[in-house]
$ cat input.txt   # compact mmCIF, C-alpha atoms
# COMPACT_ATOMS: atom_id res chain seq x y z
CA MET T 3 -12.73 -139.18 -15.99
CA LEU T 4 -14.35 -139.98 -19.35
CA LEU T 5 -12.36 -139.07 -22.44
CA SER T 6 -13.79 -138.21 -25.84
CA SER T 7 -13.04 -140.47 -28.79
CA SER T 8 -10.47 -138.03 -30.18
CA GLN T 9 -8.75 -137.77 -26.81
CA SER T 10 -8.78 -141.54 -26.37
CA SER T 11 -7.23 -142.12 -29.78
CA ALA T 12 -4.65 -139.40 -29.15
CA HIS T 13 -3.78 -140.92 -25.82
CA ALA T 14 -3.40 -144.32 -27.44
CA ARG T 15 -0.88 -142.98 -29.95
CA VAL T 16 1.41 -141.69 -27.19
CA PRO T 17 3.36 -144.33 -25.25
CA HIS T 18 2.12 -144.62 -21.69
CA LEU T 19 5.29 -143.87 -19.78
CA PRO T 20 5.57 -144.97 -16.16
CA PRO T 21 5.33 -142.16 -13.61
CA LEU T 22 8.68 -140.70 -12.66
CA VAL T 23 7.61 -140.00 -9.11
CA HIS T 24 6.33 -142.57 -6.67
CA PRO T 25 2.83 -141.58 -5.55
CA ALA T 26 3.80 -141.78 -1.89
CA GLY T 27 6.61 -139.25 -2.20
CA ASN T 28 9.31 -138.90 0.42
CA ILE T 29 8.95 -135.48 1.96
CA ALA T 30 11.84 -135.72 4.39
CA THR T 31 14.42 -136.97 1.89
CA SER T 32 13.53 -134.51 -0.86
CA MET T 33 13.36 -131.49 1.44
CA MET T 34 16.64 -132.35 3.16
CA ALA T 35 18.36 -132.81 -0.20
CA GLY T 36 16.93 -129.51 -1.43
CA ALA T 37 18.04 -127.77 1.75
CA ILE T 38 21.59 -129.08 1.38
CA ALA T 39 21.69 -127.87 -2.23
CA ALA T 40 20.36 -124.44 -1.23
CA TYR T 41 22.86 -124.25 1.64
CA LEU T 42 25.71 -124.89 -0.78
CA GLU T 43 24.73 -122.54 -3.60
CA LEU T 44 21.53 -120.60 -2.73
CA TYR T 45 19.94 -120.78 -6.20
CA PRO T 46 18.39 -124.24 -5.59
CA LEU T 47 15.90 -122.38 -3.38
CA LEU T 48 14.01 -121.84 -6.63
CA PHE T 49 13.27 -125.57 -6.79
CA LEU T 50 11.26 -125.46 -3.57
CA PRO T 51 7.81 -124.56 -5.04
CA PRO T 52 7.82 -127.25 -7.77
CA LEU T 53 9.18 -129.80 -5.30
CA ILE T 54 6.29 -129.10 -2.96
CA LEU T 55 3.87 -129.48 -5.88
CA LEU T 56 5.56 -132.73 -6.79
CA LEU T 57 5.14 -134.06 -3.26
CA ASN T 58 1.59 -132.77 -3.08
CA ASP T 59 0.55 -135.34 -5.70
CA SER T 60 0.84 -137.93 -2.96
CA LYS T 61 -2.48 -136.59 -1.55
CA LYS T 62 -1.03 -136.43 1.94
CA SER T 63 -2.33 -133.77 4.29
CA ASN T 64 -0.33 -130.65 5.12
CA VAL T 65 2.37 -131.48 2.58
CA ALA T 66 3.36 -127.85 2.06
CA LEU T 67 3.64 -127.15 5.79
CA LYS T 68 5.64 -130.30 6.50
CA SER T 69 7.93 -129.59 3.56
CA LEU T 70 8.62 -126.03 4.65
CA VAL T 71 9.28 -127.10 8.24
CA ILE T 72 11.76 -129.81 7.23
CA PHE T 73 13.45 -127.54 4.69
CA THR T 74 13.77 -124.63 7.12
CA ALA T 75 14.98 -126.84 9.96
CA THR T 76 17.63 -128.46 7.76
CA VAL T 77 18.94 -125.14 6.46
CA ALA T 78 18.97 -123.69 9.99
CA GLY T 79 20.88 -126.72 11.25
CA LEU T 80 23.47 -126.45 8.50
CA LEU T 81 23.96 -122.72 9.08
CA ALA T 82 24.27 -123.29 12.82
CA SER T 83 26.87 -126.01 12.27
CA SER T 84 28.87 -123.62 10.07
CA TYR T 85 28.72 -121.00 12.80
CA PHE T 86 29.94 -123.42 15.45
CA LEU T 87 32.81 -124.54 13.22
CA ILE T 88 34.23 -121.05 12.61
CA ASP T 89 32.62 -119.18 15.54
CA SER T 90 31.46 -116.35 13.28
CA TRP T 91 28.67 -115.39 10.89
CA ASN T 92 31.12 -113.78 8.46
CA PHE T 93 30.85 -116.78 6.18
CA ILE T 94 27.39 -115.60 5.08
CA GLU T 95 28.78 -112.45 3.50
CA SER T 96 31.69 -114.35 1.97
CA THR T 97 29.48 -117.03 0.41
CA TYR T 98 25.88 -115.97 -0.13
CA GLY T 99 26.86 -112.30 -0.25
CA ALA T 100 29.30 -113.03 -3.06
CA ILE T 101 26.54 -114.79 -5.03
CA LEU T 102 23.95 -112.06 -4.46
CA PHE T 103 26.08 -108.92 -4.77
CA VAL T 104 28.62 -110.20 -7.35
CA HIS T 105 31.76 -108.64 -5.90
CA ASP T 106 34.08 -110.78 -8.03
CA LEU T 107 33.90 -109.87 -11.73
CA THR T 108 36.32 -112.52 -12.96
CA PRO T 109 35.41 -113.44 -16.57
CA ASN T 110 33.23 -116.54 -16.90
CA ILE T 111 30.64 -117.94 -19.30
CA GLY T 112 27.83 -115.92 -17.71
CA LEU T 113 26.26 -112.57 -18.51
CA TRP T 114 27.06 -110.64 -15.35
CA TRP T 115 30.77 -109.88 -15.33
CA TYR T 116 31.06 -107.75 -18.50
CA PHE T 117 27.79 -105.95 -17.85
CA PHE T 118 28.85 -104.86 -14.37
CA ILE T 119 32.39 -103.95 -15.44
CA GLU T 120 30.95 -101.44 -17.90
CA MET T 121 28.33 -100.11 -15.47
CA PHE T 122 28.54 -96.91 -13.45
CA ASN T 123 28.65 -97.60 -9.71
CA SER T 124 25.55 -95.48 -9.10
CA PHE T 125 23.45 -97.99 -11.06
CA ARG T 126 25.06 -101.14 -9.69
CA ALA T 127 22.63 -101.77 -6.82
CA PHE T 128 19.57 -101.33 -9.05
CA PHE T 129 20.75 -103.70 -11.76
CA THR T 130 21.95 -106.25 -9.22
CA VAL T 131 18.39 -106.46 -7.89
CA VAL T 132 16.98 -106.60 -11.43
CA PHE T 133 19.32 -109.41 -12.47
CA GLN T 134 18.60 -111.46 -9.35
CA LEU T 135 14.84 -110.95 -9.65
CA HIS T 136 15.08 -112.10 -13.25
CA LEU T 137 15.77 -115.58 -11.93
CA VAL T 138 12.86 -115.55 -9.50
CA ILE T 139 10.03 -114.18 -11.65
CA TYR T 140 9.72 -117.31 -13.79
CA VAL T 141 9.02 -119.74 -10.95
CA ALA T 142 5.39 -118.84 -10.19
CA PRO T 143 4.18 -118.70 -13.84
CA LEU T 144 5.85 -122.01 -14.63
CA CYS T 145 4.35 -123.70 -11.58
CA ILE T 146 0.88 -122.35 -12.35
CA LYS T 147 0.93 -123.22 -16.04
CA LEU T 148 2.60 -126.60 -15.94
CA ARG T 149 0.96 -127.79 -12.73
CA PHE T 150 -2.65 -127.72 -13.88
CA VAL T 151 -2.47 -127.90 -17.67
CA SER T 152 -2.59 -131.64 -18.31
CA LEU T 153 -5.60 -133.96 -18.34
CA TYR T 154 -3.58 -137.15 -18.33
CA PRO T 155 -2.26 -138.89 -15.21
CA VAL T 156 1.32 -139.45 -16.35
CA LEU T 157 1.94 -135.90 -17.52
CA TYR T 158 -0.06 -134.53 -14.60
CA ARG T 159 2.22 -136.15 -12.06
CA ASN T 160 5.42 -135.36 -13.89
CA ASN T 161 4.76 -131.73 -14.80
CA PRO T 162 6.17 -130.30 -11.54
CA LEU T 163 9.32 -132.27 -12.32
CA PHE T 164 9.43 -130.63 -15.74
CA VAL T 165 9.19 -127.27 -13.97
CA CYS T 166 12.35 -128.25 -12.07
CA VAL T 167 14.05 -129.05 -15.38
CA ILE T 168 13.12 -125.66 -16.85
CA ILE T 169 14.22 -123.85 -13.69
CA SER T 170 17.60 -125.60 -13.88
CA GLY T 171 17.94 -124.21 -17.41
CA ILE T 172 17.02 -120.71 -16.24
CA ILE T 173 19.60 -120.93 -13.47
CA SER T 174 22.29 -122.04 -15.92
CA ILE T 175 21.60 -118.93 -18.02
CA PHE T 176 21.08 -116.19 -15.45
CA LYS T 177 23.03 -117.16 -12.32
CA SER T 178 25.84 -114.84 -11.34
CA TYR T 179 28.66 -117.39 -11.63
CA PRO T 180 27.56 -120.14 -14.04
CA SER T 181 29.67 -123.07 -15.14
CA VAL T 182 29.51 -125.77 -17.77
CA SER T 183 28.14 -128.18 -15.15
CA ASP T 184 24.96 -126.08 -14.85
CA LEU T 185 24.26 -126.47 -18.56
CA SER T 186 25.13 -130.17 -18.40
CA LEU T 187 22.65 -130.69 -15.57
CA PHE T 188 19.84 -129.03 -17.54
CA GLN T 189 20.52 -130.96 -20.72
CA ASN T 190 20.74 -134.30 -18.93
CA LEU T 191 17.50 -133.67 -17.04
CA LEU T 192 15.72 -133.22 -20.37
CA PHE T 193 16.14 -136.96 -20.97
CA PHE T 194 13.53 -137.57 -18.28
CA PHE T 195 11.07 -136.49 -20.97
CA PRO T 196 12.12 -138.21 -24.21
CA GLU T 197 8.64 -137.71 -25.69
CA ILE T 198 9.31 -133.99 -26.21
CA PHE T 199 12.36 -134.44 -28.46
CA SER T 200 10.30 -135.17 -31.56
CA ARG T 201 8.44 -131.89 -31.05
CA MET T 202 11.49 -129.68 -30.57
CA ARG T 203 12.03 -127.48 -33.62
CA TYR T 204 15.52 -126.02 -33.29
CA THR T 205 17.58 -128.97 -32.10
CA PHE T 206 20.16 -128.68 -34.89
CA PHE T 207 20.63 -124.95 -34.40
CA SER T 208 21.01 -125.13 -30.62
CA THR T 209 23.30 -128.17 -30.71
CA SER T 210 25.58 -126.78 -33.41
CA THR T 211 25.72 -123.40 -31.67
CA LEU T 212 26.71 -125.01 -28.38
CA LEU T 213 29.45 -126.97 -30.14
CA TYR T 214 30.58 -123.77 -31.84
CA THR T 215 30.88 -121.90 -28.55
CA THR T 216 32.51 -124.87 -26.82
CA LEU T 217 35.31 -124.82 -29.37
CA LEU T 218 35.74 -121.07 -29.76
CA GLY T 219 35.22 -120.08 -26.12
CA PRO T 220 38.59 -121.36 -24.86
CA ALA T 221 40.29 -119.97 -27.97
CA PHE T 222 38.94 -116.46 -27.42
CA TYR T 223 39.78 -116.64 -23.72
CA HIS T 224 43.35 -117.58 -24.63
CA LEU T 225 43.61 -114.71 -27.11
CA TRP T 226 42.50 -112.22 -24.48
CA ILE T 227 43.96 -113.45 -21.18
CA ILE T 228 47.00 -115.52 -22.17
CA SER T 229 48.42 -114.11 -25.39
CA GLY T 230 47.04 -110.57 -25.02
CA THR T 231 46.20 -110.26 -28.72
CA GLY T 232 42.45 -109.87 -28.13
CA ASN T 233 40.21 -107.99 -25.75
CA ALA T 234 37.19 -108.56 -23.53
CA ASN T 235 34.81 -108.21 -26.46
CA PHE T 236 36.23 -111.39 -28.00
CA PHE T 237 35.30 -113.53 -25.03
CA TYR T 238 32.04 -111.80 -24.13
CA ALA T 239 30.77 -112.14 -27.69
CA ILE T 240 31.17 -115.90 -27.55
CA THR T 241 29.47 -116.04 -24.14
CA LEU T 242 26.49 -114.19 -25.64
CA VAL T 243 26.27 -116.79 -28.40
CA HIS T 244 26.54 -119.50 -25.74
CA THR T 245 23.64 -117.91 -23.84
CA LEU T 246 21.63 -117.71 -27.06
CA ALA T 247 22.06 -121.45 -27.60
CA GLN T 248 20.92 -122.18 -24.04
CA THR T 249 17.91 -119.89 -24.41
CA VAL T 250 16.85 -121.54 -27.66
CA THR T 251 17.16 -125.00 -26.08
CA LEU T 252 15.16 -123.91 -23.04
CA SER T 253 12.34 -122.24 -24.97
CA ASP T 254 12.22 -125.12 -27.45
CA ALA T 255 11.84 -127.68 -24.66
CA LEU T 256 9.07 -125.64 -23.07
CA TYR T 257 7.28 -125.33 -26.40
CA ALA T 258 7.63 -129.07 -27.02
CA MET T 259 6.02 -129.95 -23.68
CA LEU T 260 3.12 -127.55 -24.22
CA ARG T 261 2.69 -128.86 -27.76
CA LEU T 262 2.67 -132.45 -26.50
CA GLU T 263 -0.08 -131.66 -24.03
CA TRP T 264 -2.05 -129.78 -26.68
CA ASP T 265 -1.78 -132.80 -28.98
CA LEU T 266 -3.01 -135.09 -26.20
CA GLN T 267 -5.90 -132.87 -25.24
CA THR T 268 -7.15 -132.15 -28.76
CA GLY T 269 -6.03 -135.23 -30.68
CA LYS T 270 -4.86 -132.99 -33.54
CA HIS T 271 -1.43 -134.46 -34.12
CA GLY T 272 0.76 -133.07 -36.88
CA ILE T 273 -1.07 -129.75 -37.24
CA LYS T 274 1.30 -126.82 -37.64
CA VAL T 275 1.01 -124.19 -34.94
CA PHE T 276 2.46 -120.75 -35.59
CA GLN T 277 3.60 -118.45 -32.81
CA ILE T 278 2.80 -114.77 -33.28
$ encode --input "input.txt" --output "structure tokens"
Amino acid sequence: MLLSSSQSSAHARVPHLPPLVHPAGNIATSMMAGAIAAYLELYPLLFLPPLILLLNDSKKSNVALKSLVIFTATVAGLLASSYFLIDSWNFIESTYGAILFVHDLTPNIGLWWYFFIEMFNSFRAFFTVVFQLHLVIYVAPLCIKLRFVSLYPVLYRNNPLFVCVIISGIISIFKSYPSVSDLSLFQNLLFFFPEIFSRMRYTFFSTSTLLYTTLLGPAFYHLWIISGTGNANFFYAITLVHTLAQTVTLSDALYAMLRLEWDLQTGKHGIKVFQI
């Protein structure tokens, strides 16, 4: 592909990072690892489309079909082994059912528990579906946008991996029972793309807000649960601020990647872009 002079100069100003994914790709290993993760927690199913796109860069034939077969066979084998161990399928309701239907409303750092405590039972099924679908609806747009947007080989190969990073951030925000480890995974995966940090606009705000909630979250939980001098609003308010910080970090990282690709494609570095 021939590049214009502006594109060539823009590409020269950006360090040529080595590809994060080997061109050959290992379909069996990646699909088996993804299947094990999905078997353990269910939400890693969302990583399947970008993983297939990532493997498809290897130019092998029937990558999607092979990936789906290996993934399905691994999950089926794990479920069958669980059945043979306990001689019952009741574990599905106790594990995946608990994740999907949110029977346990124990306070945590997520958004679900307080919302469903305050909800009338007649609306519970509807909003359970809405909340779960809220996790799923982002996968297809992210895969479509970030799969085909780049003109440059390095970013082109790594964009499906960036989709996985963004999906991990979405899961850490909207899953039914989140933990600090989910946020830690997302933030650590961002370091696969150090070139976006200089284009992130709200790093100070998101970092300081996360530190703020990390310090005050345990304090508000203690006031409510341990000492009894507070109420649920104390703790839920700090979880909302925590979610705000995660959302800002997620949207800022997505903006930074799109801005990086726009800079590379146009060669117009340093131009201010305003979102309306």
$ residues_around --input "input.txt" --residues "range 114-127 of chain T" --least-positions-apart "5" --cutoff "6 Å" --atoms "only C-alpha atoms" --output "list in words"
Leu107, Pro109 and Ser178 of chain T
$ closest_residue --input "input.txt" --among "T:Val165, T:Ile29, T:Ile101, T:Val77" --to "Val65 in chain T" --atoms "all atoms listed in the file"
T:Ile29
$ atom_distance --input "input.txt" --atom1 "CA of Ser69 in chain T" --atom2 "CA of Ser186 in chain T"
27.9 Å
$ residues_around --input "input.txt" --residues "Ile175 in chain T" --least-positions-apart "3" --cutoff "7 Å" --atoms "all atoms listed in the file" --output "list in words"
Gly112, Gly171, Ile172, Thr245 and Gln248 of chain T
$ residues_around --input "input.txt" --residues "range 86-100 of chain T" --least-positions-apart "2" --cutoff "10 Å" --atoms "all atoms listed in the file" --output "list in words"
Tyr41, Leu42, Glu43, Leu44, Tyr45, Leu80, Leu81, Ala82, Ser83, Ser84, Leu102, Phe103, Val104, His105, Asp106, Ser178 and Tyr179 of chain T
$ closest_residue --input "input.txt" --among "T:Thr249, T:Asn64, T:Thr31, T:Ser229" --to "Leu212 in chain T" --atoms "all atoms listed in the file"
T:Thr249
$ atom_distance --input "input.txt" --atom1 "CA of Gly232 in chain T" --atom2 "CA of Leu246 in chain T"
22.3 Å
$ residues_around --input "input.txt" --residues "Met259 in chain T" --least-positions-apart "4" --cutoff "10 Å" --atoms "only C-alpha atoms" --output "ChimeraX atom specification"
/T:148,157,161,164,195,197-199,201-202,254-255,263-265
$ atom_distance --input "input.txt" --atom1 "CA of Leu55 in chain T" --atom2 "CA of Thr251 in chain T"
24.6 Å
$ closest_residue --input "input.txt" --among "T:Ile38, T:Ala239, T:Leu144, T:Ile111" --to "Asp184 in chain T" --atoms "all atoms listed in the file"
T:Ile111
$ closest_residue --input "input.txt" --among "T:Pro162, T:Lys147, T:Phe49, T:Leu70" --to "Leu260 in chain T" --atoms "only C-alpha atoms"
T:Lys147
$ residues_near_point --input "input.txt" --point "(14.0, -122.9, -8.1)" --cutoff "10 Å" --atoms "all atoms listed in the file" --output "ChimeraX atom specification"
/T:36,40,44-53,137-138,140-142,165-170,172-173
$ write_last_selection --input "input.txt" --atoms "C-alpha atoms" --output "PDB file, keeping the file's coordinate frame"
ATOM      1  CA  GLY T  36      16.930-129.510  -1.430  1.00  0.00           C
ATOM      2  CA  ALA T  40      20.360-124.440  -1.230  1.00  0.00           C
ATOM      3  CA  LEU T  44      21.530-120.600  -2.730  1.00  0.00           C
ATOM      4  CA  TYR T  45      19.940-120.780  -6.200  1.00  0.00           C
ATOM      5  CA  PRO T  46      18.390-124.240  -5.590  1.00  0.00           C
ATOM      6  CA  LEU T  47      15.900-122.380  -3.380  1.00  0.00           C
ATOM      7  CA  LEU T  48      14.010-121.840  -6.630  1.00  0.00           C
ATOM      8  CA  PHE T  49      13.270-125.570  -6.790  1.00  0.00           C
ATOM      9  CA  LEU T  50      11.260-125.460  -3.570  1.00  0.00           C
ATOM     10  CA  PRO T  51       7.810-124.560  -5.040  1.00  0.00           C
ATOM     11  CA  PRO T  52       7.820-127.250  -7.770  1.00  0.00           C
ATOM     12  CA  LEU T  53       9.180-129.800  -5.300  1.00  0.00           C
ATOM     13  CA  LEU T 137      15.770-115.580 -11.930  1.00  0.00           C
ATOM     14  CA  VAL T 138      12.860-115.550  -9.500  1.00  0.00           C
ATOM     15  CA  TYR T 140       9.720-117.310 -13.790  1.00  0.00           C
ATOM     16  CA  VAL T 141       9.020-119.740 -10.950  1.00  0.00           C
ATOM     17  CA  ALA T 142       5.390-118.840 -10.190  1.00  0.00           C
ATOM     18  CA  VAL T 165       9.190-127.270 -13.970  1.00  0.00           C
ATOM     19  CA  CYS T 166      12.350-128.250 -12.070  1.00  0.00           C
ATOM     20  CA  VAL T 167      14.050-129.050 -15.380  1.00  0.00           C
ATOM     21  CA  ILE T 168      13.120-125.660 -16.850  1.00  0.00           C
ATOM     22  CA  ILE T 169      14.220-123.850 -13.690  1.00  0.00           C
ATOM     23  CA  SER T 170      17.600-125.600 -13.880  1.00  0.00           C
ATOM     24  CA  ILE T 172      17.020-120.710 -16.240  1.00  0.00           C
ATOM     25  CA  ILE T 173      19.600-120.930 -13.470  1.00  0.00           C
TER      26      ILE T 173
END
$ closest_residue --input "input.txt" --among "T:Ala75, T:Ala234, T:Leu192, T:Ile227" --to "Leu256 in chain T" --atoms "all atoms listed in the file"
T:Leu192
$ closest_residue --input "input.txt" --among "T:Val71, T:Pro220, T:Leu163, T:Gly230" --to "Leu191 in chain T" --atoms "only C-alpha atoms"
T:Leu163
